[in-house]
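What follows is one structure encoded as structure tokens, with my remarks underneath.
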Amino acid sequence: MSTKKTKQTARFGARYGVGIRKRLLKIEPLQRQKHECPLCGFKKVKRVSTGIFYCGKCNTTFAGGAYLPKTTSGDIIKKMVEQKSFMANLAQLISVKEGSVEGSILNLEESRKEKTDKKEKKEAKKNKS
Ligand SMILES: [Zn+2]
């Protein structure tokens with residue numbers, strides 16, 4: 001069962017807190033998707049566990065990101081190892097923000113700030129009148 005607002009996190013009811021459920025909602029549909037296999041190219045890769053992915057087409061199990069088989073920071077590390085130059089890409093690695101998850105965390109923090117701002121404005125209006 002799913003509802004309009006909570007979607008698949010409705011299964012948790014009111015538990016664990018809104019913030020965590022919102023974060024899960026951002027990543028869960030992506031991690032449950034079938035991904036493209038880096039070896040055979042078929043869209044048959046499923047997440048087995050944290051960082052472990054399995055291709056149903058060519059029977060390979062490989063390591064990847066915690067939720068997705070490929071991450072931007074993982075790609076940079078791979079490049080570093082291949083080129084054996086670690087300092088050159090360091091700045092790039094530090095600046096990387098793993099798209100959806102960290103972005104959503106930032107958004108949450110921003111929305112919290114906005115909420116507190118609105119509260120302060122309301123209080124200010126009350127004080128004026
Ligand atoms: Zn494969």
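As shown in the structure tokens, the chain order sets the letters A, B, ...; within each chain, residues go from 1, and ligands are also counted from 1 in the order they appear.
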May I have a table of the residues of chain A lying at most 7 Å from ligand 1, giving each one's closest pair of atoms and their distance in Å to one decimal, counting only C-alpha atoms and all ligand atoms, ordered by chain and ascending residue number, as a tab-separated table?
```
residue	atom	partner	partner_atom_place_in_ligand_line	distance
A:Cys37	CA	ligand 1	1 (Zn)	4.5
A:Pro38	CA	ligand 1	1 (Zn)	6.6
A:Leu39	CA	ligand 1	1 (Zn)	5.1
A:Cys40	CA	ligand 1	1 (Zn)	4.2
A:Gly41	CA	ligand 1	1 (Zn)	6.1
A:Phe42	CA	ligand 1	1 (Zn)	5.9
A:Lys44	CA	ligand 1	1 (Zn)	6.6
A:Val45	CA	ligand 1	1 (Zn)	6.9
A:Cys55	CA	ligand 1	1 (Zn)	4.7
A:Gly56	CA	ligand 1	1 (Zn)	6.6
A:Lys57	CA	ligand 1	1 (Zn)	5.0
A:Cys58	CA	ligand 1	1 (Zn)	4.2
A:Asn59	CA	ligand 1	1 (Zn)	6.5
A:Thr60	CA	ligand 1	1 (Zn)	6.3
```
Now that the selection is made, can you save its residues with C-alpha atoms as a short mmCIF file (atom, residue, chain, number, x, y, z; two decimals), in the first residue's frame?
```cif
data_model
loop_
_atom_site.label_atom_id
_atom_site.label_comp_id
_atom_site.auth_asym_id
_atom_site.auth_seq_id
_atom_site.Cartn_x
_atom_site.Cartn_y
_atom_site.Cartn_z
CA CYS A 37 26.41 -4.49 -16.38
CA PRO A 38 29.99 -3.17 -16.79
CA LEU A 39 31.05 -6.53 -18.31
CA CYS A 40 28.30 -7.61 -20.68
CA GLY A 41 26.31 -4.38 -21.02
CA PHE A 42 22.92 -5.93 -20.30
CA LYS A 44 20.59 -7.14 -15.46
CA VAL A 45 22.56 -5.89 -12.47
CA CYS A 55 24.59 -9.52 -12.91
CA GLY A 56 21.94 -12.12 -13.72
CA LYS A 57 23.04 -12.31 -17.36
CA CYS A 58 26.76 -13.13 -17.06
CA ASN A 59 26.74 -14.37 -13.43
CA THR A 60 29.32 -11.90 -12.14
#
```
Looking only at alpha helix (DSSP H) from DSSP on the backbone, list the matching residues of range 30-84 of chain A as a list in words.
Leu30, Gln31, Arg32, Thr72, Ser73, Gly74, Asp75, Ile76, Ile77, Lys78, Lys79, Met80, Val81, Glu82 and Gln83 of chain A
Report as a list of chain:residue names all protein, DNA and RNA residues lying within 10 Å of Ser49 in chain A, evaluated on only C-alpha atoms, omitting residues in the same chain fewer than 4 positions from it.
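Everything that qualifies: A:Phe53, A:Tyr54, A:Ala63, A:Ala66, A:Tyr67.
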Go through range 2-113 of chain A and collect every residue that DSSP, computed from the backbone, puts in strand (DSSP E); the answer should be as a VMD selection string.
chain A and resid 45 to 49 52 to 55 61 to 63
Keeping only N, CA and C atoms, write the selected residues as a PDB file, in the first residue's frame.
```pdb
ATOM      1  N   VAL A  45      21.836  -5.969 -13.733  1.00  0.00           N
ATOM      2  CA  VAL A  45      22.561  -5.889 -12.465  1.00  0.00           C
ATOM      3  C   VAL A  45      21.615  -5.518 -11.328  1.00  0.00           C
ATOM      4  N   LYS A  46      21.645  -6.351 -10.286  1.00  0.00           N
ATOM      5  CA  LYS A  46      20.827  -6.091  -9.104  1.00  0.00           C
ATOM      6  C   LYS A  46      21.725  -5.905  -7.895  1.00  0.00           C
ATOM      7  N   ARG A  47      21.263  -5.083  -6.949  1.00  0.00           N
ATOM      8  CA  ARG A  47      22.015  -4.890  -5.712  1.00  0.00           C
ATOM      9  C   ARG A  47      21.734  -6.056  -4.785  1.00  0.00           C
ATOM     10  N   VAL A  48      22.817  -6.713  -4.340  1.00  0.00           N
ATOM     11  CA  VAL A  48      22.675  -7.849  -3.433  1.00  0.00           C
ATOM     12  C   VAL A  48      22.660  -7.355  -2.001  1.00  0.00           C
ATOM     13  N   SER A  49      23.670  -6.553  -1.681  1.00  0.00           N
ATOM     14  CA  SER A  49      23.803  -5.994  -0.341  1.00  0.00           C
ATOM     15  C   SER A  49      24.557  -4.678  -0.486  1.00  0.00           C
ATOM     16  N   ILE A  52      27.513  -4.494  -2.980  1.00  0.00           N
ATOM     17  CA  ILE A  52      27.669  -5.739  -3.737  1.00  0.00           C
ATOM     18  C   ILE A  52      26.586  -5.826  -4.804  1.00  0.00           C
ATOM     19  N   PHE A  53      27.020  -6.051  -6.047  1.00  0.00           N
ATOM     20  CA  PHE A  53      26.089  -6.099  -7.165  1.00  0.00           C
ATOM     21  C   PHE A  53      26.278  -7.389  -7.954  1.00  0.00           C
ATOM     22  N   TYR A  54      25.163  -7.877  -8.480  1.00  0.00           N
ATOM     23  CA  TYR A  54      25.199  -9.159  -9.172  1.00  0.00           C
ATOM     24  C   TYR A  54      24.516  -9.026 -10.532  1.00  0.00           C
ATOM     25  N   CYS A  55      25.189  -9.542 -11.584  1.00  0.00           N
ATOM     26  CA  CYS A  55      24.594  -9.522 -12.913  1.00  0.00           C
ATOM     27  C   CYS A  55      23.955 -10.883 -13.198  1.00  0.00           C
ATOM     28  N   THR A  61      29.595 -11.186  -9.890  1.00  0.00           N
ATOM     29  CA  THR A  61      29.349 -10.377  -8.703  1.00  0.00           C
ATOM     30  C   THR A  61      30.495  -9.391  -8.590  1.00  0.00           C
ATOM     31  N   PHE A  62      30.180  -8.128  -8.381  1.00  0.00           N
ATOM     32  CA  PHE A  62      31.248  -7.131  -8.277  1.00  0.00           C
ATOM     33  C   PHE A  62      30.916  -6.072  -7.234  1.00  0.00           C
ATOM     34  N   ALA A  63      31.949  -5.331  -6.860  1.00  0.00           N
ATOM     35  CA  ALA A  63      31.778  -4.284  -5.850  1.00  0.00           C
ATOM     36  C   ALA A  63      31.496  -2.952  -6.515  1.00  0.00           C
TER      37      ALA A  63
END
```
Within 12 Å of range 73-76 of chain A using only C-alpha atoms, minus same-chain residues under 6 positions, as number ranges by chain
A: 51, 63-66, 82-99
